[in-house]
>>> print(open('start-v8.tsv').read())   # TSV, C-alpha atoms and all ligand atoms
chain	number	residue	atom	x	y	z
W	1	MET	CA	-10.76	-75.71	75.13
W	2	ASN	CA	-13.06	-75.06	72.17
W	3	LYS	CA	-15.71	-77.20	73.81
W	4	TYR	CA	-16.27	-74.39	76.32
W	5	LEU	CA	-17.21	-71.88	73.64
W	6	ALA	CA	-20.92	-71.21	73.20
W	7	SER	CA	-22.05	-72.93	70.00
W	8	HIS	CA	-23.13	-69.68	68.32
W	9	VAL	CA	-19.63	-68.29	68.97
W	10	ALA	CA	-17.78	-71.45	67.97
W	11	THR	CA	-19.55	-71.42	64.60
W	12	LEU	CA	-19.02	-67.70	63.95
W	13	PRO	CA	-16.66	-67.44	60.95
W	14	PRO	CA	-13.63	-65.10	61.25
W	15	SER	CA	-13.92	-61.85	59.31
W	16	GLY	CA	-12.96	-62.39	55.67
W	17	ILE	CA	-10.83	-59.25	55.91
W	18	ARG	CA	-8.89	-60.43	58.96
W	19	LYS	CA	-8.35	-63.91	57.54
W	20	PHE	CA	-6.69	-62.40	54.50
W	21	PHE	CA	-4.58	-59.91	56.42
W	22	ASP	CA	-3.17	-62.58	58.69
W	23	LEU	CA	-1.52	-63.87	55.51
W	24	VAL	CA	-0.36	-60.35	54.55
W	25	ALA	CA	1.26	-59.95	57.99
W	26	THR	CA	3.62	-62.84	57.20
W	27	MET	CA	4.93	-61.17	53.99
W	28	LYS	CA	7.43	-58.36	53.35
W	29	ASP	CA	7.13	-55.26	51.09
W	30	VAL	CA	3.43	-55.68	50.46
W	31	ILE	CA	1.41	-52.68	49.25
W	32	SER	CA	-1.89	-52.97	51.00
W	33	LEU	CA	-5.11	-51.47	49.70
W	34	GLY	CA	-6.92	-53.54	52.26
W	35	VAL	CA	-7.74	-51.49	55.28
W	36	GLY	CA	-10.76	-49.19	55.46
W	37	GLU	CA	-9.00	-46.59	57.52
W	38	PRO	CA	-8.07	-42.98	56.62
W	39	ASP	CA	-4.35	-42.51	55.96
W	40	PHE	CA	-4.59	-38.99	57.42
W	41	VAL	CA	-3.95	-38.28	61.06
W	42	THR	CA	-6.69	-36.61	63.07
W	43	PRO	CA	-6.74	-32.83	62.43
W	44	TRP	CA	-4.41	-30.95	64.79
W	45	THR	CA	-7.07	-28.89	66.62
W	46	VAL	CA	-8.79	-32.15	67.53
W	47	ARG	CA	-5.61	-33.85	68.74
W	48	GLU	CA	-4.75	-30.73	70.71
W	49	SER	CA	-8.09	-30.79	72.52
W	50	GLY	CA	-7.44	-34.43	73.50
W	51	ILE	CA	-3.99	-33.56	74.81
W	52	PHE	CA	-5.35	-30.56	76.70
W	53	SER	CA	-8.09	-32.67	78.28
W	54	LEU	CA	-5.41	-34.97	79.70
W	55	GLU	CA	-3.39	-32.01	80.98
W	56	GLN	CA	-6.50	-30.82	82.79
W	57	GLY	CA	-6.88	-34.23	84.37
W	58	GLN	CA	-10.11	-35.15	82.58
W	59	THR	CA	-9.62	-38.87	83.02
W	60	MET	CA	-12.92	-39.99	84.53
W	61	TYR	CA	-16.15	-41.69	83.40
W	62	THR	CA	-18.77	-39.59	81.69
W	63	SER	CA	-22.52	-40.11	82.00
W	64	ASN	CA	-23.62	-43.36	80.35
W	65	ALA	CA	-25.18	-41.57	77.41
W	66	GLY	CA	-22.03	-39.51	76.84
W	67	LEU	CA	-21.08	-35.89	77.56
W	68	PHE	CA	-24.15	-33.71	77.22
W	69	GLU	CA	-22.08	-31.07	75.44
W	70	LEU	CA	-21.24	-33.62	72.73
W	71	ARG	CA	-24.84	-34.76	72.35
W	72	GLU	CA	-25.96	-31.15	72.10
W	73	GLU	CA	-23.29	-30.38	69.50
W	74	LEU	CA	-24.28	-33.50	67.55
W	75	SER	CA	-27.96	-32.64	67.68
W	76	HIS	CA	-27.14	-29.27	66.13
W	77	HIS	CA	-24.77	-30.85	63.58
W	78	LEU	CA	-27.30	-33.47	62.43
W	79	TYR	CA	-29.97	-30.83	62.06
W	80	THR	CA	-27.86	-28.43	60.03
W	81	THR	CA	-26.16	-31.00	57.82
W	82	LEU	CA	-28.80	-33.70	57.28
W	83	GLY	CA	-32.05	-32.10	58.43
W	84	LEU	CA	-32.41	-34.63	61.27
W	85	SER	CA	-34.00	-33.60	64.55
W	86	TYR	CA	-32.88	-35.42	67.71
W	87	ASP	CA	-33.36	-34.38	71.32
W	88	PRO	CA	-29.90	-34.44	72.94
W	89	HIS	CA	-31.46	-35.40	76.31
W	90	GLN	CA	-32.93	-38.73	75.27
W	91	GLU	CA	-32.52	-39.45	71.58
W	92	ILE	CA	-28.72	-39.65	71.22
W	93	LEU	CA	-26.34	-42.20	72.77
W	94	ILE	CA	-22.55	-41.86	72.42
W	95	THR	CA	-20.91	-45.25	71.81
W	96	THR	CA	-17.47	-46.78	71.51
W	97	GLY	CA	-17.28	-46.39	67.76
W	98	ALA	CA	-20.13	-47.04	65.34
W	99	SER	CA	-19.24	-50.69	65.89
W	100	GLU	CA	-20.74	-50.65	69.36
W	101	ALA	CA	-23.78	-48.79	68.05
W	102	VAL	CA	-24.44	-51.55	65.47
W	103	ASP	CA	-24.14	-54.19	68.17
W	104	LEU	CA	-26.45	-52.28	70.54
W	105	VAL	CA	-29.15	-51.82	67.91
W	106	MET	CA	-29.16	-55.55	67.19
W	107	ARG	CA	-29.15	-56.57	70.83
W	108	ALA	CA	-31.81	-54.08	71.86
W	109	VAL	CA	-34.42	-55.01	69.26
W	110	LEU	CA	-33.80	-58.60	68.16
W	111	GLU	CA	-35.01	-61.85	69.66
W	112	PRO	CA	-34.35	-65.46	68.68
W	113	GLY	CA	-36.33	-66.22	65.55
W	114	ASP	CA	-36.21	-62.66	64.19
W	115	VAL	CA	-34.73	-62.06	60.76
W	116	VAL	CA	-32.51	-59.16	59.73
W	117	LEU	CA	-32.40	-58.08	56.08
W	118	VAL	CA	-28.82	-57.17	55.17
W	119	PRO	CA	-27.73	-55.69	51.82
W	120	ASP	CA	-25.18	-57.91	50.10
W	121	PRO	CA	-22.36	-56.97	49.78
W	122	SER	CA	-21.96	-54.78	52.83
W	123	TYR	CA	-19.80	-54.13	55.88
W	124	VAL	CA	-18.69	-57.29	57.66
W	125	SER	CA	-20.19	-56.79	61.12
W	126	TYR	CA	-23.95	-56.68	60.51
W	127	ALA	CA	-24.53	-60.41	60.02
W	128	PRO	CA	-22.33	-61.56	62.95
W	129	CYS	CA	-23.94	-59.00	65.31
W	130	ALA	CA	-27.41	-60.17	64.23
W	131	ILE	CA	-26.41	-63.78	64.86
W	132	LEU	CA	-24.90	-62.94	68.26
W	133	ALA	CA	-28.23	-61.30	69.11
W	134	GLY	CA	-29.95	-64.62	68.37
W	135	ALA	CA	-31.47	-63.59	65.03
W	136	SER	CA	-30.77	-64.88	61.55
W	137	VAL	CA	-29.88	-63.03	58.38
W	138	HIS	CA	-31.40	-62.85	54.92
W	139	PHE	CA	-29.00	-61.23	52.47
W	140	VAL	CA	-30.52	-58.87	49.92
W	141	PRO	CA	-28.37	-58.76	46.77
W	142	THR	CA	-27.48	-55.33	45.43
W	143	LEU	CA	-26.55	-55.66	41.78
W	144	ALA	CA	-24.04	-53.99	39.48
W	145	LYS	CA	-26.85	-53.34	36.96
W	146	ASP	CA	-28.61	-51.24	39.66
W	147	ASP	CA	-25.38	-49.39	40.54
W	148	PHE	CA	-25.35	-51.52	43.70
W	149	ARG	CA	-28.39	-49.69	45.07
W	150	LEU	CA	-30.92	-51.59	47.16
W	151	ARG	CA	-34.13	-52.32	45.23
W	152	VAL	CA	-37.56	-53.27	46.54
W	153	GLU	CA	-37.78	-56.08	43.96
W	154	GLU	CA	-34.79	-57.72	45.62
W	155	LEU	CA	-36.20	-57.10	49.10
W	156	ASP	CA	-39.49	-58.73	48.06
W	157	LYS	CA	-37.63	-61.86	46.98
W	158	VAL	CA	-36.04	-62.48	50.39
W	159	TYR	CA	-38.71	-61.01	52.66
W	160	THR	CA	-40.20	-63.18	55.40
W	161	PRO	CA	-42.84	-62.18	57.99
W	162	LYS	CA	-40.15	-62.87	60.60
W	163	ALA	CA	-38.16	-59.89	59.33
W	164	LYS	CA	-37.90	-57.18	61.98
W	165	LEU	CA	-34.94	-55.05	61.01
W	166	LEU	CA	-33.55	-53.80	57.71
W	167	VAL	CA	-29.95	-52.62	57.51
W	168	LEU	CA	-29.22	-49.70	55.18
W	169	SER	CA	-25.57	-48.91	54.69
W	170	PHE	CA	-25.06	-46.15	52.14
W	171	PRO	CA	-22.59	-44.80	51.06
W	172	ASN	CA	-21.70	-48.47	51.00
W	173	ASN	CA	-18.62	-50.30	52.10
W	174	PRO	CA	-17.40	-52.09	49.90
W	175	THR	CA	-19.13	-50.87	46.69
W	176	GLY	CA	-19.12	-47.08	47.19
W	177	ALA	CA	-22.77	-47.00	46.07
W	178	ILE	CA	-25.08	-44.27	47.33
W	179	MET	CA	-28.87	-44.05	47.52
W	180	ASN	CA	-30.60	-40.79	46.65
W	181	ARG	CA	-34.06	-39.67	47.72
W	182	GLU	CA	-35.83	-41.36	44.78
W	183	ASP	CA	-34.06	-44.62	45.61
W	184	LEU	CA	-34.97	-44.41	49.29
W	185	LEU	CA	-38.67	-43.52	49.02
W	186	PRO	CA	-39.81	-46.98	47.81
W	187	ILE	CA	-37.70	-48.55	50.56
W	188	ALA	CA	-39.57	-46.40	53.10
W	189	GLU	CA	-42.89	-47.68	51.69
W	190	PHE	CA	-41.64	-51.26	52.01
W	191	VAL	CA	-40.59	-50.58	55.62
W	192	VAL	CA	-44.02	-49.21	56.54
W	193	LYS	CA	-45.87	-51.99	54.70
W	194	HIS	CA	-43.97	-54.65	56.67
W	195	ASP	CA	-43.70	-52.69	59.93
W	196	LEU	CA	-39.88	-52.87	60.01
W	197	LEU	CA	-37.23	-51.00	61.93
W	198	VAL	CA	-34.17	-49.73	60.06
W	199	LEU	CA	-30.56	-49.61	61.15
W	200	ALA	CA	-29.14	-46.84	58.95
W	201	ASP	CA	-25.36	-46.91	59.13
W	202	ASP	CA	-24.52	-43.48	57.75
W	203	ILE	CA	-20.87	-43.49	58.82
W	204	TYR	CA	-19.71	-42.44	55.32
W	205	SER	CA	-22.31	-39.67	54.95
W	206	ASP	CA	-19.63	-36.94	54.73
W	207	LEU	CA	-17.67	-38.83	52.11
W	208	THR	CA	-19.86	-38.33	49.06
W	209	TYR	CA	-18.76	-37.11	45.64
W	210	ASP	CA	-22.06	-36.39	43.94
W	211	GLY	CA	-24.11	-33.88	45.91
W	212	THR	CA	-25.06	-34.23	49.54
W	213	HIS	CA	-26.06	-37.38	51.36
W	214	VAL	CA	-29.76	-38.05	51.97
W	215	SER	CA	-30.38	-39.76	55.26
W	216	PHE	CA	-33.14	-42.38	55.39
W	217	ALA	CA	-34.16	-41.01	58.81
W	218	SER	CA	-35.04	-37.67	57.18
W	219	LEU	CA	-37.79	-39.18	54.99
W	220	PRO	CA	-41.39	-38.58	56.07
W	221	GLY	CA	-42.40	-40.92	58.89
W	222	MET	CA	-38.95	-42.53	59.19
W	223	HIS	CA	-37.63	-40.72	62.28
W	224	ASP	CA	-39.06	-43.23	64.77
W	225	ARG	CA	-38.45	-46.30	62.64
W	226	THR	CA	-34.79	-45.52	62.02
W	227	LEU	CA	-31.83	-46.05	64.28
W	228	PHE	CA	-29.30	-43.66	62.84
W	229	VAL	CA	-25.75	-44.90	63.39
W	230	SER	CA	-22.62	-42.90	62.65
W	231	GLY	CA	-19.28	-41.93	64.09
W	232	PHE	CA	-16.09	-39.91	63.83
W	233	SER	CA	-13.70	-42.58	62.49
W	234	LYS	CA	-14.07	-41.93	58.77
W	235	SER	CA	-15.08	-38.26	58.46
W	236	TYR	CA	-12.44	-36.88	60.83
W	237	ALA	CA	-9.76	-39.60	60.59
W	238	MET	CA	-10.44	-40.61	64.19
W	239	THR	CA	-10.52	-44.42	64.09
W	240	GLY	CA	-8.38	-44.87	67.21
W	241	TRP	CA	-10.43	-42.50	69.39
W	242	ARG	CA	-13.39	-44.92	69.25
W	243	ILE	CA	-16.30	-42.50	69.16
W	244	GLY	CA	-19.58	-43.29	67.45
W	245	TYR	CA	-23.24	-42.70	68.23
W	246	VAL	CA	-26.77	-43.87	67.64
W	247	ALA	CA	-29.76	-41.55	67.42
W	248	GLY	CA	-33.44	-42.46	67.30
W	249	ASN	CA	-36.70	-42.84	69.16
W	250	ALA	CA	-36.27	-42.22	72.92
W	251	ASP	CA	-37.68	-45.63	73.98
W	252	LEU	CA	-35.28	-47.49	71.71
W	253	ILE	CA	-32.32	-45.32	72.70
W	254	GLY	CA	-33.32	-45.91	76.34
W	255	GLY	CA	-33.12	-49.69	75.81
W	256	MET	CA	-29.72	-49.39	74.18
W	257	THR	CA	-28.48	-47.11	76.94
W	258	ARG	CA	-29.39	-49.80	79.49
W	259	ILE	CA	-27.27	-52.38	77.68
W	260	HIS	CA	-24.43	-49.88	77.19
W	261	GLN	CA	-24.59	-48.93	80.88
W	262	TYR	CA	-23.87	-52.52	81.95
W	263	THR	CA	-21.49	-53.57	79.21
W	264	MET	CA	-19.48	-50.44	78.32
W	265	LEU	CA	-20.43	-47.86	80.94
W	266	CYS	CA	-19.40	-44.99	78.69
W	267	ALA	CA	-17.28	-44.15	75.65
W	268	PRO	CA	-13.75	-42.84	76.40
W	269	ILE	CA	-13.83	-39.29	77.75
W	270	MET	CA	-10.79	-38.06	75.80
W	271	GLY	CA	-12.40	-39.22	72.56
W	272	GLN	CA	-15.65	-37.50	73.45
W	273	ILE	CA	-13.88	-34.20	74.15
W	274	ALA	CA	-11.97	-34.51	70.89
W	275	ALA	CA	-15.23	-35.25	69.03
W	276	ILE	CA	-16.75	-32.00	70.32
W	277	GLU	CA	-13.73	-30.17	68.94
W	278	ALA	CA	-14.03	-32.01	65.60
W	279	LEU	CA	-17.58	-30.75	65.19
W	280	ARG	CA	-16.56	-27.21	66.15
W	281	SER	CA	-13.33	-26.69	64.27
W	282	ALA	CA	-12.50	-29.49	61.82
W	283	THR	CA	-15.00	-28.92	59.01
W	284	ASP	CA	-12.37	-27.43	56.68
W	285	ALA	CA	-9.87	-30.18	57.47
W	286	ARG	CA	-12.60	-32.76	56.81
W	287	ASN	CA	-13.54	-31.17	53.49
W	288	ASP	CA	-9.87	-31.11	52.44
W	289	MET	CA	-9.65	-34.86	53.09
W	290	VAL	CA	-12.81	-35.46	51.05
W	291	THR	CA	-11.34	-33.45	48.15
W	292	GLU	CA	-8.21	-35.59	48.29
W	293	TYR	CA	-10.24	-38.84	48.40
W	294	ASP	CA	-12.19	-37.65	45.39
W	295	ARG	CA	-8.98	-37.14	43.40
W	296	ARG	CA	-7.73	-40.61	44.33
W	297	ARG	CA	-11.12	-42.11	43.56
W	298	ARG	CA	-10.93	-40.88	39.98
W	299	LEU	CA	-7.36	-42.09	39.68
W	300	MET	CA	-8.38	-45.59	40.76
W	301	VAL	CA	-11.46	-45.87	38.56
W	302	HIS	CA	-9.42	-44.70	35.59
W	303	GLY	CA	-6.64	-47.16	36.45
W	304	PHE	CA	-8.95	-50.17	36.55
W	305	ARG	CA	-10.79	-49.17	33.39
W	306	GLN	CA	-7.44	-48.80	31.62
W	307	MET	CA	-6.79	-52.45	32.46
W	308	GLY	CA	-9.92	-53.35	30.54
W	309	LEU	CA	-11.91	-54.24	33.67
W	310	ASP	CA	-15.42	-52.98	34.37
W	311	CYS	CA	-15.25	-50.59	37.27
W	312	PHE	CA	-18.38	-49.08	38.78
W	313	GLU	CA	-17.86	-45.42	39.67
W	314	PRO	CA	-18.20	-45.20	43.45
W	315	LEU	CA	-20.01	-42.07	44.60
W	316	GLY	CA	-19.25	-42.37	48.29
W	317	ALA	CA	-16.92	-43.83	50.96
W	318	PHE	CA	-13.29	-44.58	49.98
W	319	TYR	CA	-13.37	-47.88	48.10
W	320	VAL	CA	-13.42	-49.05	44.49
W	321	PHE	CA	-15.03	-52.37	43.68
W	322	PRO	CA	-13.81	-53.42	40.21
W	323	ASP	CA	-15.24	-56.45	38.42
W	324	ILE	CA	-12.48	-59.03	37.98
W	325	SER	CA	-14.62	-61.78	36.42
W	326	LYS	CA	-12.89	-61.33	33.03
W	327	THR	CA	-9.81	-62.92	34.57
W	328	LYS	CA	-11.84	-66.11	35.18
W	329	LEU	CA	-10.60	-66.16	38.78
W	330	SER	CA	-12.87	-66.12	41.80
W	331	SER	CA	-12.46	-63.03	43.95
W	332	GLU	CA	-10.57	-65.04	46.55
W	333	GLU	CA	-8.26	-66.62	43.95
W	334	PHE	CA	-7.62	-63.21	42.43
W	335	ALA	CA	-6.72	-61.67	45.78
W	336	GLU	CA	-4.46	-64.58	46.76
W	337	GLN	CA	-2.66	-64.81	43.43
W	338	LEU	CA	-2.21	-61.04	43.20
W	339	LEU	CA	-0.71	-61.02	46.66
W	340	LYS	CA	1.72	-63.81	45.84
W	341	ALA	CA	2.68	-62.59	42.37
W	342	GLU	CA	2.78	-58.81	42.85
W	343	LYS	CA	2.66	-58.25	46.60
W	344	VAL	CA	-0.48	-56.15	46.49
W	345	ALA	CA	-3.16	-56.83	49.08
W	346	VAL	CA	-6.81	-56.27	48.20
W	347	VAL	CA	-9.90	-57.78	49.81
W	348	PRO	CA	-11.95	-60.44	48.00
W	349	GLY	CA	-15.50	-59.19	47.35
W	350	THR	CA	-16.90	-62.30	49.03
W	351	ALA	CA	-15.60	-61.06	52.40
W	352	PHE	CA	-18.65	-58.74	52.28
W	353	GLY	CA	-21.25	-61.33	51.32
W	354	PRO	CA	-21.91	-63.85	48.56
W	355	SER	CA	-22.86	-61.17	46.00
W	356	GLY	CA	-19.34	-59.77	46.25
W	357	GLU	CA	-18.12	-62.66	44.07
W	358	GLY	CA	-16.42	-61.47	40.89
W	359	HIS	CA	-15.15	-58.29	42.58
W	360	ILE	CA	-12.33	-57.08	44.77
W	361	ARG	CA	-12.38	-54.18	47.19
W	362	CYS	CA	-9.53	-51.68	47.06
W	363	SER	CA	-9.39	-48.89	49.57
W	364	TYR	CA	-8.01	-45.62	48.24
W	365	ALA	CA	-7.29	-44.23	51.69
W	366	TYR	CA	-3.60	-44.50	50.78
W	367	SER	CA	-1.05	-42.08	49.37
W	368	THR	CA	-1.04	-41.35	45.63
W	369	GLU	CA	2.43	-42.96	45.33
W	370	GLN	CA	1.16	-46.17	46.88
W	371	LEU	CA	-1.94	-46.16	44.71
W	372	LEU	CA	0.07	-45.60	41.51
W	373	GLU	CA	2.50	-48.37	42.39
W	374	ALA	CA	-0.37	-50.72	43.27
W	375	LEU	CA	-2.14	-49.93	39.98
W	376	LYS	CA	1.07	-50.64	38.08
W	377	ARG	CA	1.45	-54.03	39.74
W	378	ILE	CA	-2.24	-54.97	39.36
W	379	THR	CA	-2.06	-53.99	35.67
W	380	HIS	CA	0.90	-56.33	35.21
W	381	PHE	CA	-0.96	-59.15	36.96
W	382	VAL	CA	-4.17	-58.66	34.95
W	383	GLU	CA	-2.31	-58.35	31.62
W	384	GLN	CA	-0.43	-61.58	32.24
W	385	ARG	CA	-3.56	-63.38	33.33
W	386	LEU	CA	-5.63	-62.23	30.33
W	387	ALA	CA	-2.79	-63.07	27.91
W	388	ASN	CA	-2.64	-66.64	29.25
W	389	LEU	CA	-6.36	-67.38	29.07
X	401	LIG	C1	-19.93	-49.23	57.18
X	401	LIG	C2	-19.13	-49.20	58.46
X	401	LIG	N1	-19.78	-49.08	59.62
X	401	LIG	C3	-19.11	-49.06	60.79
X	401	LIG	C4	-17.73	-49.16	60.82
X	401	LIG	C5	-17.03	-49.14	62.16
X	401	LIG	O1	-16.66	-47.84	62.50
X	401	LIG	P1	-16.10	-47.42	63.93
X	401	LIG	O2	-14.63	-47.19	63.77
X	401	LIG	O3	-16.82	-46.15	64.26
X	401	LIG	O4	-16.41	-48.51	64.89
X	401	LIG	C6	-17.01	-49.28	59.64
X	401	LIG	C7	-15.53	-49.44	59.62
X	401	LIG	O5	-14.91	-49.82	58.65
X	401	LIG	C8	-17.74	-49.30	58.41
X	401	LIG	O6	-17.11	-49.41	57.22
>>> encode(input="start-v8.tsv", output="structure tokens", more="lines below")
Ligand SMILES: Cc1ncc(COP(=O)(O)O)c(C=O)c1O
Amino acid sequence: MNKYLASHVATLPPSGIRKFFDLVATMKDVISLGVGEPDFVTPWTVRESGIFSLEQGQTMYTSNAGLFELREELSHHLYTTLGLSYDPHQEILITTGASEAVDLVMRAVLEPGDVVLVPDPSYVSYAPCAILAGASVHFVPTLAKDDFRLRVEELDKVYTPKAKLLVLSFPNNPTGAIMNREDLLPIAEFVVKHDLLVLADDIYSDLTYDGTHVSFASLPGMHDRTLFVSGFSKSYAMTGWRIGYVAGNADLIGGMTRIHQYTMLCAPIMGQIAAIEALRSATDARNDMVTEYDRRRRLMVHGFRQMGLDCFEPLGAFYVFPDISKTKLSSEEFAEQLLKAEKVAVVPGTAFGPSGEGHIRCSYAYSTEQLLEALKRITHFVEQRLANL
């Protein structure tokens, strides 16, 4: 029946992460460092508010844009934490995870022929969403020598006058790189010079280990050019509740709300109620999780460096992205052979774009015991491989 699929869907490659984990699913006793999902459960006060909402019979649709109480709470939260100013009436849309927000941004602003500039490596959904919106993608390499930060020199190399949207995704999945104010200011100049819009996926903004996150939207003149995307999945361990949001200029949010209204109607009400509670009562629980991630982060970086591999110190999110090129294996070969020999699942860097070659992504959103056991097995694999070269 493949002939019935639209050609742009038929040619869409499966996610490099999924492809690999289909293989993992067929094996026993595998330690997986593959999934980008908190190992914590949602803080109790948040779960309790979800349960209570069901007891009260709150099982209906909300307004398309999401509960006003949540948008109001978010407006306050974004102002106090990131210095961002959004009108809860018309500049914030609650979505079904940040995933829907990314899709809506692409569909609302892109037309066939437009080009999206996507940092490489980065999260797997930007390029497919751009393609589904009829646009094409120019990858912008972020390099280890630049601490995986996005540089204007690299943007200049791939720029085309057809470019309409730039994706910024920092703290970055998979590298853990961050961008500070000095890094972002030249990007803002580039954006103005070429009259671009920016999709800023700030979903890891709470998970930083070196000072506070600077949001691109907070830079002078960037409020209206930026579509600020975030969500509750990572910060509050709420992946299954499916609550994200996009904030930005009212006209653009209005366009996205029209698409959302016809395709999603609204985000789940229980998740929205729980998200309000997360903003009100889960800051300490969130900070405790960040402290724990930070400890594991240092454990992982140390572990990879002990193996003799170069390992960039990630300053955000919950991934390490060690350089495995010394083993003379491609990132896909490394991941496959490691899985077969030691039963440890990691994601090949190339799943996140061509510049991910020579690296693997390991999530440290796993227990310390699992991380220590995984490090032990990876060390064994790397030692054997290096000894046999
Ligand atoms: C950078 C980035 N953006 C968005 C998402 C999707 O998040 P959500 O669960 O809110 O859809 C992820 C999930 O891994 C991510 O890493």
>>> axis_aligned_box(input="start-v8.tsv", around="ligand LIG 401 (chain X)", padding_each_side="8 Å", output="lines of an AutoDock Vina configuration file")
center_x = -17.3
center_y = -48.0
center_z = 61.0
size_x = 21.3
size_y = 19.7
size_z = 23.7
>>> closest_residue(input="start-v8.tsv", among="W:Leu389, W:Ile178, W:Ala341, W:Tyr236", to="Ala282 (chain W)", atoms="all atoms listed in the file")
W:Tyr236
>>> closest_residue(input="start-v8.tsv", among="W:Asn388, W:Leu219, W:Pro322, W:Ile253", to="Gly356 (chain W)", atoms="only C-alpha atoms")
W:Pro322
>>> residues_near_ligand(input="start-v8.tsv", ligand="ligand LIG 401 (chain X)", cutoff="10 Å", atoms="all atoms listed in the file", output="PyMOL selection string")
chain W and resi 35-38+95-102+122-126+168-174+200-204+229-235+237-245+317-319
>>> residues_around(input="start-v8.tsv", residues="Glu69 (chain W)", least_positions_apart="2", cutoff="10 Å", atoms="only C-alpha atoms", output="list in words")
Gly66, Leu67, Arg71, Glu72, Glu73, Leu74, Ser75, Pro88, Gln272, Ile273 and Ile276 of chain W
>>> atom_distance(input="start-v8.tsv", atom1="CA of Pro161 (chain W)", atom2="CA of Asp103 (chain W)")
22.7 Å
>>> build_atoms(input="start-v8.tsv", residues="region 34-46 of chain W", atoms="N, CA, C and O atoms", output="PDB file, in the coordinates of the input")
ATOM      1  N   GLY W  34      -5.927 -52.708  51.584  1.00  0.00           N
ATOM      2  CA  GLY W  34      -6.920 -53.540  52.260  1.00  0.00           C
ATOM      3  C   GLY W  34      -7.693 -52.889  53.368  1.00  0.00           C
ATOM      4  O   GLY W  34      -8.841 -53.244  53.616  1.00  0.00           O
ATOM      5  N   VAL W  35      -7.103 -51.923  54.039  1.00  0.00           N
ATOM      6  CA  VAL W  35      -7.740 -51.490  55.280  1.00  0.00           C
ATOM      7  C   VAL W  35      -8.628 -50.267  55.043  1.00  0.00           C
ATOM      8  O   VAL W  35      -8.236 -49.331  54.355  1.00  0.00           O
ATOM      9  N   GLY W  36      -9.799 -50.290  55.627  1.00  0.00           N
ATOM     10  CA  GLY W  36     -10.760 -49.190  55.460  1.00  0.00           C
ATOM     11  C   GLY W  36     -10.539 -48.125  56.511  1.00  0.00           C
ATOM     12  O   GLY W  36     -11.418 -47.843  57.318  1.00  0.00           O
ATOM     13  N   GLU W  37      -9.355 -47.548  56.474  1.00  0.00           N
ATOM     14  CA  GLU W  37      -9.000 -46.590  57.520  1.00  0.00           C
ATOM     15  C   GLU W  37      -8.306 -45.387  56.888  1.00  0.00           C
ATOM     16  O   GLU W  37      -7.376 -45.561  56.086  1.00  0.00           O
ATOM     17  N   PRO W  38      -8.714 -44.148  57.224  1.00  0.00           N
ATOM     18  CA  PRO W  38      -8.070 -42.980  56.620  1.00  0.00           C
ATOM     19  C   PRO W  38      -6.561 -43.013  56.822  1.00  0.00           C
ATOM     20  O   PRO W  38      -6.087 -43.433  57.875  1.00  0.00           O
ATOM     21  N   ASP W  39      -5.803 -42.578  55.800  1.00  0.00           N
ATOM     22  CA  ASP W  39      -4.350 -42.510  55.960  1.00  0.00           C
ATOM     23  C   ASP W  39      -3.931 -41.172  56.569  1.00  0.00           C
ATOM     24  O   ASP W  39      -2.761 -40.950  56.829  1.00  0.00           O
ATOM     25  N   PHE W  40      -4.903 -40.281  56.784  1.00  0.00           N
ATOM     26  CA  PHE W  40      -4.590 -38.990  57.420  1.00  0.00           C
ATOM     27  C   PHE W  40      -4.544 -39.175  58.933  1.00  0.00           C
ATOM     28  O   PHE W  40      -5.161 -40.093  59.460  1.00  0.00           O
ATOM     29  N   VAL W  41      -3.812 -38.288  59.602  1.00  0.00           N
ATOM     30  CA  VAL W  41      -3.950 -38.280  61.060  1.00  0.00           C
ATOM     31  C   VAL W  41      -5.080 -37.318  61.413  1.00  0.00           C
ATOM     32  O   VAL W  41      -5.444 -36.444  60.628  1.00  0.00           O
ATOM     33  N   THR W  42      -5.620 -37.485  62.593  1.00  0.00           N
ATOM     34  CA  THR W  42      -6.690 -36.610  63.070  1.00  0.00           C
ATOM     35  C   THR W  42      -6.245 -35.148  62.992  1.00  0.00           C
ATOM     36  O   THR W  42      -5.108 -34.834  63.367  1.00  0.00           O
ATOM     37  N   PRO W  43      -7.122 -34.246  62.524  1.00  0.00           N
ATOM     38  CA  PRO W  43      -6.740 -32.830  62.430  1.00  0.00           C
ATOM     39  C   PRO W  43      -6.154 -32.301  63.758  1.00  0.00           C
ATOM     40  O   PRO W  43      -6.587 -32.716  64.837  1.00  0.00           O
ATOM     41  N   TRP W  44      -5.181 -31.388  63.626  1.00  0.00           N
ATOM     42  CA  TRP W  44      -4.410 -30.950  64.790  1.00  0.00           C
ATOM     43  C   TRP W  44      -5.288 -30.364  65.909  1.00  0.00           C
ATOM     44  O   TRP W  44      -5.108 -30.676  67.085  1.00  0.00           O
ATOM     45  N   THR W  45      -6.254 -29.519  65.552  1.00  0.00           N
ATOM     46  CA  THR W  45      -7.070 -28.890  66.620  1.00  0.00           C
ATOM     47  C   THR W  45      -7.752 -29.956  67.471  1.00  0.00           C
ATOM     48  O   THR W  45      -7.936 -29.787  68.676  1.00  0.00           O
ATOM     49  N   VAL W  46      -8.090 -31.076  66.824  1.00  0.00           N
ATOM     50  CA  VAL W  46      -8.790 -32.150  67.530  1.00  0.00           C
ATOM     51  C   VAL W  46      -7.811 -32.891  68.450  1.00  0.00           C
ATOM     52  O   VAL W  46      -8.092 -33.155  69.621  1.00  0.00           O
TER      53      VAL W  46
END
